[in-house]
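Enquirer: Take a look at this one; I'll ask things after.
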Amino acid sequence: MGPLAHMPALDVMWVSFYCIGFMIISVGLIYLGRHKISNVVLRTIVNLCAYILFGLGTFLMVLVVATWPA
């Protein structure tokens, strides 16, 4: 039993979609920060947001996988 076991399976599916979306957005933000933004402060903020989104998406995806039915 995982930490999301009390949620219906359809809601867990939506959480996994949000995780995938967070990871895709973080890839786009990292691309912008490294190749398109020249302002150091703005680039740092964009990269920080990207890493936070990626970390959140990864953490929630681990919870989704831990909730997988046995």
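Scheme for the structure tokens: letters A, B, ... for chains in order shown; per-chain residue numbers from 1; ligand numbers from 1 in order shown.
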Please provide the set of residues having any atom within 12 Å of Ala66 in chain A, restricted to only C-alpha atoms, with same-chain residues fewer than 4 positions apart removed, written as a PyMOL selection string.
Expert: chain A and resi 1-5+12+16+59-62+70
Enquirer: I'd like to know which residues of chain A are helix (DSSP H, G or I) (by DSSP, run on the backbone); could you write them as a PyMOL selection string?
Expert: chain A and resi 9-36+40-66
Enquirer: Considering only C-alpha atoms, return as a ChimeraX atom specification whatever protein or nucleic-acid residues lie within 10 Å of range 52-55 of chain A, sequence-local ones (same chain, fewer than 3 positions apart) excluded.
Expert: /A:19-27,29,46-49,58-61
Enquirer: Counting only C-alpha atoms, which of A:Val15, A:Val64, A:Ile30, A:Ala9 gets nearest to Ala50 in chain A?
Expert: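 With only C-alpha atoms as the atom set, the closest residue is A:Ile30.
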